[in-house]
$ cat structure21.txt   # compact mmCIF, C-alpha atoms
# COMPACT_ATOMS: atom_id res chain seq x y z
CA MET A 1 -0.58 -4.51 16.07
CA ASN A 2 -3.39 -2.91 18.00
CA ALA A 3 -6.66 -2.33 16.20
CA PRO A 4 -7.75 1.25 15.45
CA VAL A 5 -9.54 3.01 18.24
CA SER A 6 -13.32 3.11 18.04
CA ALA A 7 -14.99 6.45 17.45
CA ALA A 8 -17.99 8.15 15.96
CA PRO A 9 -19.02 6.62 12.65
CA LEU A 10 -17.28 7.81 9.51
CA SER A 11 -20.53 8.22 7.60
CA ASN A 12 -22.48 11.50 7.90
CA ALA A 13 -23.20 12.13 4.24
CA ASP A 14 -25.58 15.05 4.82
CA ALA A 15 -23.05 17.19 6.73
CA THR A 16 -22.45 20.62 5.19
CA SER A 17 -20.31 22.29 7.88
CA PHE A 18 -16.97 21.51 9.48
CA ARG A 19 -18.83 21.59 12.81
CA ASP A 20 -20.57 18.38 11.77
CA VAL A 21 -17.37 16.46 11.02
CA THR A 22 -16.67 13.58 13.40
CA PRO A 23 -13.37 13.01 15.26
CA ALA A 24 -12.82 9.87 13.19
CA GLN A 25 -13.14 11.88 9.98
CA TRP A 26 -10.68 14.49 11.25
CA ARG A 27 -8.21 11.68 11.99
CA THR A 28 -8.49 10.31 8.45
CA LEU A 29 -7.82 13.78 7.07
CA ALA A 30 -4.88 14.31 9.43
CA ALA A 31 -3.36 10.97 8.38
CA ALA A 32 -3.64 11.84 4.69
CA MET A 33 -2.34 15.38 5.25
CA LEU A 34 0.72 14.30 7.21
CA GLY A 35 1.45 11.42 4.84
CA TRP A 36 1.34 13.78 1.85
CA MET A 37 3.46 16.43 3.62
CA PHE A 38 6.24 13.95 4.41
CA ASP A 39 5.88 12.46 0.93
CA ALA A 40 6.67 15.91 -0.48
CA MET A 41 9.53 16.44 1.95
CA ASP A 42 11.23 13.13 1.14
CA PHE A 43 10.91 13.62 -2.61
CA LEU A 44 11.93 17.30 -2.69
CA ILE A 45 14.98 16.75 -0.49
CA TYR A 46 16.63 15.53 -3.69
CA VAL A 47 15.51 18.62 -5.61
CA MET A 48 17.09 20.84 -2.96
CA ALA A 49 20.31 18.83 -3.03
CA ILE A 50 20.82 18.52 -6.81
CA GLY A 51 23.71 21.00 -6.94
CA LYS A 52 25.54 19.44 -3.97
CA LEU A 53 25.05 15.91 -5.34
CA GLN A 54 26.46 16.99 -8.72
CA GLU A 55 29.54 18.34 -6.97
CA TYR A 56 29.96 15.24 -4.77
CA PHE A 57 29.44 12.55 -7.43
CA GLY A 58 30.53 14.60 -10.45
CA PHE A 59 27.56 14.11 -12.77
CA GLY A 60 25.94 16.58 -15.18
CA SER A 61 22.47 18.02 -15.66
CA ALA A 62 21.21 15.13 -17.80
CA THR A 63 22.09 12.60 -15.06
CA ALA A 64 20.58 14.87 -12.41
CA GLY A 65 17.35 14.98 -14.38
CA LEU A 66 17.48 11.23 -14.99
CA LEU A 67 17.70 10.53 -11.25
CA ALA A 68 14.52 12.53 -10.71
CA THR A 69 12.93 10.74 -13.65
CA VAL A 70 13.77 7.31 -12.20
CA THR A 71 12.08 8.27 -8.94
CA LEU A 72 8.98 9.46 -10.76
CA ILE A 73 8.82 6.28 -12.86
CA THR A 74 8.90 4.08 -9.77
CA ALA A 75 6.41 6.44 -8.12
CA ALA A 76 4.06 5.68 -11.00
CA VAL A 77 4.62 1.95 -10.55
CA GLY A 78 4.08 2.30 -6.80
CA GLY A 79 0.87 4.24 -7.33
CA LEU A 80 -0.46 1.59 -9.70
CA ALA A 81 0.50 -1.23 -7.34
CA PHE A 82 -0.73 0.36 -4.12
CA GLY A 83 -3.99 1.40 -5.74
CA VAL A 84 -4.77 -2.30 -6.16
CA VAL A 85 -3.38 -3.07 -2.69
CA ALA A 86 -5.61 -0.40 -1.14
CA ASP A 87 -8.65 -1.92 -2.83
CA LYS A 88 -7.73 -5.39 -1.57
CA ILE A 89 -6.43 -4.88 2.00
CA GLY A 90 -7.76 -1.43 2.88
CA ARG A 91 -6.82 2.21 2.52
CA VAL A 92 -5.33 2.57 6.02
CA ARG A 93 -3.05 -0.46 5.78
CA ALA A 94 -1.83 0.61 2.35
CA LEU A 95 -1.17 4.16 3.57
CA SER A 96 0.90 2.87 6.52
CA LEU A 97 2.99 0.63 4.26
CA THR A 98 3.79 3.43 1.83
CA ILE A 99 4.95 5.76 4.61
CA ILE A 100 7.30 3.09 5.94
CA VAL A 101 8.72 2.43 2.45
CA TYR A 102 9.61 6.03 1.61
CA SER A 103 10.97 6.70 5.12
CA VAL A 104 13.32 3.71 5.14
CA CYS A 105 14.52 4.42 1.62
CA SER A 106 15.35 8.03 2.40
CA ILE A 107 17.80 7.01 5.11
CA GLY A 108 19.07 4.31 2.77
CA ALA A 109 19.87 7.02 0.20
CA ALA A 110 21.97 8.77 2.85
CA THR A 111 24.37 5.80 2.83
CA SER A 112 24.96 5.90 -0.96
CA GLN A 113 28.59 5.54 -2.04
CA ASN A 114 28.03 6.09 -5.77
CA VAL A 115 25.42 7.28 -8.24
CA TRP A 116 24.08 3.77 -8.84
CA GLN A 117 23.35 3.23 -5.15
CA LEU A 118 21.70 6.63 -4.94
CA ALA A 119 19.56 5.80 -7.98
CA ILE A 120 18.45 2.46 -6.47
CA TRP A 121 17.44 3.98 -3.14
CA ARG A 122 15.61 6.87 -4.80
CA ALA A 123 13.85 4.42 -7.11
CA LEU A 124 12.62 2.42 -4.11
CA LEU A 125 11.59 5.63 -2.36
CA GLY A 126 9.52 6.54 -5.40
CA PHE A 127 7.62 3.27 -5.07
CA GLY A 128 6.37 4.26 -1.61
CA MET A 129 5.87 7.90 -2.57
CA GLY A 130 3.56 6.99 -5.46
CA GLY A 131 1.52 4.62 -3.36
CA GLU A 132 0.90 7.16 -0.59
CA TRP A 133 -1.25 9.46 -2.70
CA ALA A 134 -3.28 6.57 -4.14
CA ALA A 135 -4.24 5.43 -0.64
CA GLY A 136 -4.51 8.80 1.14
CA ALA A 137 -6.62 10.63 -1.43
CA VAL A 138 -9.18 7.80 -1.61
CA LEU A 139 -9.29 7.63 2.19
CA VAL A 140 -10.33 11.29 2.38
CA SER A 141 -12.83 11.08 -0.47
CA GLU A 142 -14.57 8.02 1.00
CA THR A 143 -14.82 9.28 4.56
CA TRP A 144 -15.74 12.95 4.17
CA PRO A 145 -19.26 14.21 3.28
CA PRO A 146 -19.83 15.12 -0.42
CA ALA A 147 -20.53 18.79 0.40
CA LEU A 148 -17.14 19.10 2.11
CA ARG A 149 -15.11 16.86 -0.20
CA ASN A 150 -13.55 19.71 -2.22
CA LYS A 151 -12.52 21.59 0.91
CA ALA A 152 -11.17 18.48 2.66
CA THR A 153 -9.09 17.53 -0.35
CA SER A 154 -7.79 21.11 -0.59
CA LEU A 155 -6.61 20.81 3.00
CA MET A 156 -4.90 17.50 2.26
CA GLN A 157 -3.25 18.79 -0.90
CA SER A 158 -2.03 21.95 0.83
CA THR A 159 0.42 19.97 2.92
CA TRP A 160 2.54 19.33 -0.18
CA ALA A 161 3.57 22.99 0.10
CA LEU A 162 4.37 22.52 3.78
CA GLY A 163 6.53 19.52 2.89
CA ALA A 164 8.31 21.60 0.26
CA ILE A 165 8.95 24.37 2.78
CA LEU A 166 10.22 21.78 5.27
CA ALA A 167 12.60 20.32 2.66
CA ALA A 168 13.87 23.81 1.76
CA GLY A 169 14.37 24.71 5.40
CA LEU A 170 16.27 21.48 6.12
CA ALA A 171 18.47 22.09 3.05
CA ALA A 172 19.34 25.59 4.22
CA LEU A 173 20.05 24.23 7.71
CA VAL A 174 22.43 21.43 6.74
CA PHE A 175 24.13 23.12 3.77
CA ASP A 176 24.62 26.68 4.96
CA VAL A 177 23.70 27.26 8.61
CA LEU A 178 25.43 24.16 10.03
CA ASP A 179 27.82 23.87 7.04
CA LEU A 180 28.37 20.14 7.52
CA GLY A 181 30.84 19.84 4.68
CA PRO A 182 30.75 17.66 1.54
CA ASN A 183 28.69 14.97 3.31
CA ALA A 184 25.97 17.41 4.39
CA TRP A 185 23.55 15.89 1.85
CA ARG A 186 23.69 12.62 3.79
CA TRP A 187 22.25 14.34 6.85
CA LEU A 188 19.55 15.88 4.69
CA PHE A 189 18.43 12.48 3.41
CA ALA A 190 18.64 11.01 6.92
CA PHE A 191 15.96 13.43 8.10
CA GLY A 192 13.66 11.66 5.66
CA ALA A 193 13.36 8.70 8.02
CA LEU A 194 11.26 10.66 10.53
CA PRO A 195 7.86 9.98 8.87
CA SER A 196 8.10 6.28 9.82
CA LEU A 197 6.75 7.29 13.23
CA LEU A 198 3.59 8.51 11.53
CA ALA A 199 2.86 5.02 10.18
CA LEU A 200 2.47 3.68 13.74
CA TRP A 201 -0.09 6.35 14.62
CA VAL A 202 -2.05 5.76 11.42
CA ARG A 203 -2.46 2.04 12.09
CA ARG A 204 -3.55 2.63 15.69
CA SER A 205 -5.83 5.62 15.25
CA VAL A 206 -7.44 5.63 11.80
CA GLU A 207 -10.37 3.47 10.66
CA GLU A 208 -11.10 2.04 7.25
CA PRO A 209 -13.93 3.80 5.34
CA VAL A 210 -17.36 2.30 5.96
CA VAL A 211 -18.09 2.07 2.23
CA TRP A 212 -14.96 -0.03 1.67
CA GLN A 213 -15.78 -2.29 4.62
CA GLN A 214 -19.25 -2.89 3.20
CA ARG A 215 -17.88 -3.87 -0.20
CA ARG A 216 -15.33 -6.16 1.44
CA ASP A 217 -17.97 -7.86 3.57
CA ALA A 218 -20.15 -8.33 0.50
CA GLY A 219 -17.27 -10.10 -1.29
CA HIS A 220 -16.92 -7.47 -4.05
CA LEU A 221 -13.15 -6.97 -3.80
CA LYS A 222 -12.10 -9.98 -5.86
CA GLY A 223 -10.92 -10.15 -9.46
CA ASN A 224 -8.76 -8.00 -11.73
CA PRO A 225 -9.70 -4.30 -11.34
CA TYR A 226 -8.11 -3.36 -14.66
CA LYS A 227 -10.61 -5.49 -16.57
CA ILE A 228 -13.33 -3.31 -15.04
CA LEU A 229 -11.47 -0.02 -15.57
CA PHE A 230 -10.93 -0.78 -19.25
CA GLY A 231 -14.33 -2.37 -19.73
CA PRO A 232 -16.97 -0.68 -21.88
CA GLU A 233 -18.58 1.20 -18.97
CA LEU A 234 -15.47 2.91 -17.59
CA ARG A 235 -12.96 2.90 -20.46
CA ARG A 236 -13.59 6.47 -21.63
CA ARG A 237 -13.34 7.89 -18.12
CA THR A 238 -10.18 5.91 -17.45
CA LEU A 239 -8.43 7.14 -20.60
CA LEU A 240 -9.44 10.77 -20.05
CA ALA A 241 -8.21 10.65 -16.46
CA CYS A 242 -4.86 9.27 -17.65
CA ALA A 243 -4.55 11.97 -20.32
CA LEU A 244 -5.36 14.84 -17.94
CA SER A 245 -2.86 13.61 -15.36
CA SER A 246 -0.19 13.20 -18.05
CA LEU A 247 -0.48 16.82 -19.17
CA LEU A 248 -0.46 18.14 -15.62
CA LEU A 249 2.42 16.06 -14.35
CA PHE A 250 4.67 16.78 -17.32
CA ALA A 251 4.12 20.49 -16.84
CA TYR A 252 4.52 20.35 -13.06
CA TRP A 253 7.63 18.16 -12.75
CA GLY A 254 9.27 19.64 -15.82
CA LEU A 255 9.07 23.09 -14.23
CA PHE A 256 9.36 22.65 -10.47
CA THR A 257 12.09 19.99 -10.43
CA TRP A 258 14.52 22.49 -11.95
CA LEU A 259 13.46 25.81 -10.42
CA PRO A 260 15.44 25.55 -7.13
CA ASN A 261 18.61 24.65 -9.03
CA LEU A 262 17.93 27.43 -11.57
CA LEU A 263 17.71 30.04 -8.84
CA ALA A 264 21.00 28.84 -7.35
CA SER A 265 22.83 28.58 -10.72
CA PRO A 266 25.29 31.27 -11.85
CA ILE A 267 23.92 34.08 -14.01
CA GLU A 268 26.25 33.14 -16.88
CA LYS A 269 24.52 29.72 -16.97
CA GLY A 270 21.05 31.29 -17.17
CA GLY A 271 20.28 31.18 -13.45
CA ALA A 272 19.67 33.84 -10.83
CA GLY A 273 23.10 33.51 -9.21
CA MET A 274 21.82 33.00 -5.65
CA SER A 275 23.33 31.00 -2.81
CA ILE A 276 21.29 28.04 -1.56
CA VAL A 277 20.15 30.02 1.49
CA LYS A 278 19.07 32.95 -0.65
CA SER A 279 17.33 30.70 -3.20
CA VAL A 280 15.42 29.11 -0.32
CA SER A 281 14.27 32.58 0.70
CA PHE A 282 12.65 32.81 -2.75
CA ILE A 283 11.31 29.24 -2.78
CA ILE A 284 9.51 29.56 0.54
CA PRO A 285 7.31 32.52 -0.57
CA MET A 286 6.50 30.51 -3.70
CA GLN A 287 5.43 27.56 -1.55
CA ILE A 288 3.39 29.86 0.69
CA GLY A 289 1.58 30.92 -2.48
CA ALA A 290 1.14 27.23 -3.30
CA PHE A 291 -0.27 26.57 0.17
CA ILE A 292 -2.83 29.36 -0.28
CA GLY A 293 -3.62 28.05 -3.77
CA TYR A 294 -4.32 24.55 -2.47
CA LEU A 295 -6.59 25.88 0.26
CA SER A 296 -8.37 28.33 -2.04
CA PHE A 297 -9.21 25.87 -4.78
CA GLY A 298 -11.97 24.04 -2.89
CA PRO A 299 -13.99 27.14 -1.89
CA LEU A 300 -13.49 28.67 -5.35
CA ALA A 301 -14.61 25.43 -6.99
CA ASP A 302 -17.75 25.40 -4.85
CA MET A 303 -18.51 28.98 -5.94
CA PHE A 304 -17.65 28.92 -9.66
CA GLY A 305 -17.60 25.26 -10.61
CA ARG A 306 -14.68 22.88 -10.37
CA ARG A 307 -13.81 22.62 -14.07
CA ARG A 308 -13.91 26.38 -14.67
CA THR A 309 -11.80 27.02 -11.59
CA PHE A 310 -9.29 24.41 -12.73
CA ALA A 311 -9.06 26.00 -16.20
CA ALA A 312 -8.55 29.44 -14.67
CA PHE A 313 -5.64 28.16 -12.56
CA THR A 314 -3.89 26.27 -15.36
CA LEU A 315 -4.30 28.98 -18.00
CA THR A 316 -2.94 31.60 -15.62
CA ALA A 317 -0.01 29.28 -14.87
CA ALA A 318 0.65 28.99 -18.62
CA VAL A 319 0.97 32.78 -18.83
CA THR A 320 2.94 33.23 -15.60
CA VAL A 321 5.65 30.63 -16.30
CA PRO A 322 7.42 32.39 -19.22
CA VAL A 323 7.13 35.77 -17.50
CA TYR A 324 8.77 34.40 -14.34
CA LEU A 325 11.55 32.68 -16.30
CA GLN A 326 12.44 35.90 -18.14
CA MET A 327 12.99 37.67 -14.80
CA MET A 328 15.97 35.58 -13.62
CA THR A 329 18.21 38.65 -13.39
CA ASN A 330 15.57 40.76 -11.60
CA GLN A 331 15.32 39.45 -8.06
CA SER A 332 12.64 41.95 -7.05
CA MET A 333 10.33 40.64 -9.78
CA LEU A 334 11.15 37.04 -8.86
CA MET A 335 10.09 37.72 -5.29
CA LEU A 336 6.87 39.35 -6.51
CA LEU A 337 5.98 36.69 -9.06
CA GLY A 338 7.05 33.68 -6.96
CA PRO A 339 3.92 33.48 -4.76
CA ILE A 340 1.72 34.03 -7.84
CA LEU A 341 3.42 31.17 -9.70
CA GLY A 342 3.14 29.04 -6.58
CA PHE A 343 -0.59 29.83 -6.29
CA VAL A 344 -1.60 29.03 -9.87
CA GLY A 345 1.08 26.38 -10.46
CA HIS A 346 -0.07 24.19 -7.56
CA GLY A 347 -3.64 24.97 -6.51
CA TYR A 348 -5.29 22.94 -9.31
CA TRP A 349 -4.00 19.71 -7.72
CA SER A 350 -6.78 20.04 -5.13
CA MET A 351 -9.21 19.01 -7.88
CA LEU A 352 -7.58 15.80 -8.99
CA GLY A 353 -8.16 13.68 -5.87
CA PRO A 354 -11.92 14.13 -5.60
CA LEU A 355 -12.40 14.10 -9.38
CA LEU A 356 -10.69 10.72 -9.78
CA SER A 357 -12.47 9.28 -6.74
CA GLU A 358 -15.85 10.25 -8.17
CA LEU A 359 -15.17 8.64 -11.55
CA PHE A 360 -14.91 5.07 -10.25
CA PRO A 361 -17.01 2.72 -8.05
CA THR A 362 -15.76 1.63 -4.62
CA HIS A 363 -14.40 -1.82 -5.50
CA VAL A 364 -11.99 -0.32 -8.09
CA ARG A 365 -11.77 3.25 -6.79
CA ALA A 366 -8.20 3.16 -5.48
CA SER A 367 -7.07 1.16 -8.51
CA GLY A 368 -8.73 3.67 -10.87
CA GLN A 369 -7.38 6.65 -8.98
CA GLY A 370 -3.93 5.09 -8.86
CA LEU A 371 -4.04 4.32 -12.58
CA GLY A 372 -5.34 7.75 -13.57
CA TYR A 373 -2.80 9.69 -11.53
CA ASN A 374 0.22 7.45 -11.93
CA SER A 375 -0.07 6.80 -15.64
CA GLY A 376 0.33 10.58 -15.73
CA ARG A 377 3.37 10.21 -13.54
CA LEU A 378 4.97 8.06 -16.23
CA MET A 379 4.57 11.00 -18.62
CA GLY A 380 5.72 13.44 -15.96
CA ALA A 381 8.69 11.21 -15.15
CA ALA A 382 10.21 12.00 -18.53
CA ALA A 383 10.01 15.75 -17.95
CA PRO A 384 13.02 16.30 -15.61
CA TYR A 385 15.26 14.28 -17.92
CA ILE A 386 14.00 16.02 -21.08
CA MET A 387 14.53 19.41 -19.46
CA GLY A 388 18.03 18.40 -18.39
CA VAL A 389 18.88 17.27 -21.91
CA LEU A 390 17.45 20.43 -23.51
CA ALA A 391 19.34 22.57 -21.00
CA ALA A 392 22.61 21.21 -22.39
CA VAL A 393 21.68 21.92 -26.04
CA PRO A 394 23.40 25.03 -27.48
CA ASN A 395 21.00 27.91 -28.25
CA VAL A 396 18.22 26.28 -26.18
CA GLY A 397 19.19 26.31 -22.50
CA ILE A 398 17.14 25.71 -19.38
CA ILE A 399 14.99 28.88 -19.65
CA ALA A 400 13.57 27.97 -23.07
CA ALA A 401 13.19 24.33 -22.04
CA LEU A 402 11.12 25.16 -18.95
CA GLY A 403 9.02 27.58 -20.98
CA LEU A 404 7.67 24.61 -22.97
CA THR A 405 5.65 23.54 -19.92
CA SER A 406 3.13 26.31 -20.65
CA ALA A 407 1.76 24.32 -23.59
CA PHE A 408 0.95 21.40 -21.31
CA PHE A 409 -0.90 23.66 -18.87
CA VAL A 410 -3.03 24.92 -21.77
CA GLY A 411 -3.76 21.36 -22.90
CA ALA A 412 -4.95 20.39 -19.42
CA ALA A 413 -7.24 23.44 -19.26
CA LEU A 414 -8.96 22.33 -22.46
CA LEU A 415 -9.15 18.62 -21.66
CA VAL A 416 -10.84 19.00 -18.27
CA PHE A 417 -14.13 19.90 -19.95
CA ALA A 418 -14.27 16.44 -21.55
CA LEU A 419 -14.72 14.92 -18.08
CA PRO A 420 -18.09 14.94 -16.26
CA ASP A 421 -18.69 17.48 -13.51
CA THR A 422 -19.39 15.27 -10.48
CA SER A 423 -18.47 17.83 -7.83
CA ARG A 424 -20.35 17.43 -4.50
CA ALA A 425 -22.15 14.31 -5.79
CA PRO A 426 -22.28 11.18 -3.58
CA LEU A 427 -19.66 8.56 -4.44
CA SER A 428 -20.95 5.58 -6.40
CA ALA A 429 -21.00 2.35 -4.44
$ encode --input "structure21.txt" --output "structure tokens"
Amino acid sequence: MNAPVSAAPLSNADATSFRDVTPAQWRTLAAAMLGWMFDAMDFLIYVMAIGKLQEYFGFGSATAGLLATVTLITAAVGGLAFGVVADKIGRVRALSLTIIVYSVCSIGAATSQNVWQLAIWRALLGFGMGGEWAAGAVLVSETWPPALRNKATSLMQSTWALGAILAAGLAALVFDVLDLGPNAWRWLFAFGALPSLLALWVRRSVEEPVVWQQRRDAGHLKGNPYKILFGPELRRRTLLACALSSLLLFAYWGLFTWLPNLLASPIEKGGAGMSIVKSVSFIIPMQIGAFIGYLSFGPLADMFGRRRTFAAFTLTAAVTVPVYLQMMTNQSMLMLLGPILGFVGHGYWSMLGPLLSELFPTHVRASGQGLGYNSGRLMGAAAPYIMGVLAAVPNVGIIAALGLTSAFFVGAALLVFALPDTSRAPLSA
């Protein structure tokens, strides 16, 4: 395969304005943004298709939640594995591999003949999905100047909302506009193969971070990274990062895995009674709010401090969630509250990438970031299944189950202050 094109150096640590960013740095950000957008699209295609898949294969809410849980478990494994891979072979190579994995597995899921085949393909897709963030987030943090790191990561994180909007739009297209019949979900999953083209561009056009190349050339990329991460110097940071991610990911996946299906469920089952097309018209404003939240977090963090901004987002989310859930029969209020929930329920993710990157030195940075985020994914992986089980319990139901996520948002708001504030500081070598 052709080597990456040469360009201006990736290192301009004193830059404070987007005008000072090099073309090579913009390419690294574009690669991470597009990889994360398609990551979101390929994962959330399943969320949009839950109802249709239940009809086609005849499984209940617990199985639907379990399928999402399986994907999140393998995403955690993929994130752990590709964190180490990115430290060993490079961030760009690892990013390309993850994109190929989740693209191929999405089209594989389209061929499923039973629930077991669907579960296997979605599990394999999760492996690539988890690895993409571990490689892409480190790539941005290591190539962009410290003064712009929060803003760059906010831009990268914002594309998750674009991927969600893309998944919702594709679902509306194949299920309602084209009305492709009982096999329409297969076409939806087949669209997930498109990101494989991105992997070719990444390998040809994006360079490895200078700081990683220097550590590689100095022979510092050998050995077991987990011995370092759990050694006396980094153990506390590692455990706190894992705990924070666990709280966030349980709250996030417990809530947002089930919301599209809740909006489309009949009123007598606790839902809003919308068609898929109409529920998409409510999801998209929510994701627009999420997009604005992702973009806003970096500038707000620069103004008010990253930890305080994070706490403000998560505490407001904790309050907004139960209010939104109690409005299922009031579509006007759902439309009003949707963008607000999207804003506060997503924007805080713009902090996690740079925070985790700053906690660990270069030779274990991707491994530490992958461990911190994806150990949380293991906790978050249980959330869709737990919510599905609780939804089937008499006198509990899905509304009360999803309301429990507020407690996890509060826990994350408190825990963040146990971590050091390293915002805008140079990365440790």
$ residues_around --input "structure21.txt" --residues "Leu198 in chain A" --least-positions-apart "2" --cutoff "12 Å" --atoms "all atoms listed in the file" --output "VMD selection string"
chain A and resid 30 to 39 95 to 100 102 to 103 193 to 196 200 to 206
$ atom_distance --input "structure21.txt" --atom1 "CA of Pro339 in chain A" --atom2 "CA of Ala75 in chain A"
27.4 Å
$ closest_atom_pairs --input "structure21.txt" --of "range 41-62 of chain A" --to "range 126-143 of chain A" --cutoff "12 Å" --atoms "all atoms listed in the file" --output "CSV"
residue,atom,partner,partner_atom,distance
A:Met41,CA,A:Met129,CA,10.3
A:Asp42,CA,A:Met129,CA,8.4
A:Phe43,CA,A:Met129,CA,7.6
A:Leu44,CA,A:Met129,CA,11.2
A:Tyr46,CA,A:Gly126,CA,11.6
$ closest_residue --input "structure21.txt" --among "A:Trp160, A:Tyr56, A:Trp349, A:Trp144" --to "Thr16 in chain A" --atoms "only C-alpha atoms"
A:Trp144
$ residues_around --input "structure21.txt" --residues "Val211 in chain A" --least-positions-apart "2" --cutoff "9 Å" --atoms "only C-alpha atoms" --output "list of chain:residue names"
A:Ser11, A:Glu142, A:Thr143, A:Glu208, A:Pro209, A:Gln213, A:Gln214, A:Arg215, A:Arg216, A:Thr362, A:Ala429
$ atom_distance --input "structure21.txt" --atom1 "CA of Thr159 in chain A" --atom2 "CA of Ala317 in chain A"
20.1 Å
$ atom_distance --input "structure21.txt" --atom1 "CA of Arg237 in chain A" --atom2 "CA of Leu359 in chain A"
6.9 Å
$ residues_around --input "structure21.txt" --residues "Ile120 in chain A" --least-positions-apart "4" --cutoff "12 Å" --atoms "all atoms listed in the file" --output "mmCIF file with C-alpha atoms, in the coordinates of the input"
data_model
loop_
_atom_site.group_PDB
_atom_site.id
_atom_site.type_symbol
_atom_site.label_atom_id
_atom_site.label_comp_id
_atom_site.auth_asym_id
_atom_site.auth_seq_id
_atom_site.Cartn_x
_atom_site.Cartn_y
_atom_site.Cartn_z
ATOM 1 C CA LEU A 67 17.700 10.530 -11.250
ATOM 2 C CA ALA A 68 14.520 12.530 -10.710
ATOM 3 C CA VAL A 70 13.770 7.310 -12.200
ATOM 4 C CA THR A 71 12.080 8.270 -8.940
ATOM 5 C CA THR A 74 8.900 4.080 -9.770
ATOM 6 C CA CYS A 105 14.520 4.420 1.620
ATOM 7 C CA SER A 106 15.350 8.030 2.400
ATOM 8 C CA GLY A 108 19.070 4.310 2.770
ATOM 9 C CA ALA A 109 19.870 7.020 0.200
ATOM 10 C CA ALA A 110 21.970 8.770 2.850
ATOM 11 C CA THR A 111 24.370 5.800 2.830
ATOM 12 C CA SER A 112 24.960 5.900 -0.960
ATOM 13 C CA GLN A 113 28.590 5.540 -2.040
ATOM 14 C CA ASN A 114 28.030 6.090 -5.770
ATOM 15 C CA VAL A 115 25.420 7.280 -8.240
ATOM 16 C CA TRP A 116 24.080 3.770 -8.840
ATOM 17 C CA LEU A 124 12.620 2.420 -4.110
ATOM 18 C CA LEU A 125 11.590 5.630 -2.360
ATOM 19 C CA GLY A 126 9.520 6.540 -5.400
ATOM 20 C CA PHE A 127 7.620 3.270 -5.070
#
$ closest_residue --input "structure21.txt" --among "A:Leu155, A:Ile399, A:Val85, A:Phe18" --to "Met327 in chain A" --atoms "all atoms listed in the file"
A:Ile399
$ closest_residue --input "structure21.txt" --among "A:Ala40, A:Ala290, A:Leu173, A:Ala62" --to "Ser350 in chain A" --atoms "only C-alpha atoms"
A:Ala290
$ residues_around --input "structure21.txt" --residues "Met351 in chain A" --least-positions-apart "4" --cutoff "9 Å" --atoms "only C-alpha atoms" --output "PyMOL selection string"
chain A and resi 150+153-154+297-298+301+306-307+310+347+355-356
$ closest_residue --input "structure21.txt" --among "A:Val174, A:Leu404, A:Leu255, A:Val21" --to "Leu148 in chain A" --atoms "all atoms listed in the file"
A:Val21
$ residues_around --input "structure21.txt" --residues "Leu244 in chain A" --least-positions-apart "2" --cutoff "10 Å" --atoms "all atoms listed in the file" --output "ChimeraX atom specification"
/A:239-242,246-249,352,372-373,375-376,408-409,411-416,418-419
$ axis_aligned_box --input "structure21.txt" --around "range 28-46 of chain A" --padding-each-side "3 Å" --output "AutoDock Vina command-line options"
--center_x 4.1 --center_y 13.8 --center_z 2.9 --size_x 31.1 --size_y 13.0 --size_z 19.1
$ closest_residue --input "structure21.txt" --among "A:Val319, A:Met303, A:Leu29, A:Ala401" --to "Leu262 in chain A" --atoms "only C-alpha atoms"
A:Ala401
$ closest_residue --input "structure21.txt" --among "A:Glu207, A:Ala312, A:Ile45, A:Trp26" --to "Trp187 in chain A" --atoms "all atoms listed in the file"
A:Ile45
$ decode --input "structure21.txt" --residues "range 161-178 of chain A" --atoms "C-alpha atoms" --output "short mmCIF file (atom, residue, chain, number, x, y, z; two decimals), in the first residue's frame"
data_model
loop_
_atom_site.label_atom_id
_atom_site.label_comp_id
_atom_site.auth_asym_id
_atom_site.auth_seq_id
_atom_site.Cartn_x
_atom_site.Cartn_y
_atom_site.Cartn_z
CA ALA A 161 -24.44 12.90 16.28
CA LEU A 162 -24.04 13.10 12.51
CA GLY A 163 -23.70 9.32 12.38
CA ALA A 164 -26.85 8.97 14.48
CA ILE A 165 -28.74 11.31 12.15
CA LEU A 166 -27.45 9.33 9.17
CA ALA A 167 -28.62 6.04 10.73
CA ALA A 168 -32.04 7.53 11.49
CA GLY A 169 -32.37 8.91 7.98
CA LEU A 170 -31.41 5.58 6.40
CA ALA A 171 -33.93 3.78 8.65
CA ALA A 172 -36.72 6.11 7.59
CA LEU A 173 -35.69 5.67 3.94
CA VAL A 174 -35.66 1.87 3.83
CA PHE A 175 -38.53 1.20 6.25
CA ASP A 176 -41.10 3.82 5.30
CA VAL A 177 -40.19 5.85 2.21
CA LEU A 178 -39.07 2.91 0.03
#
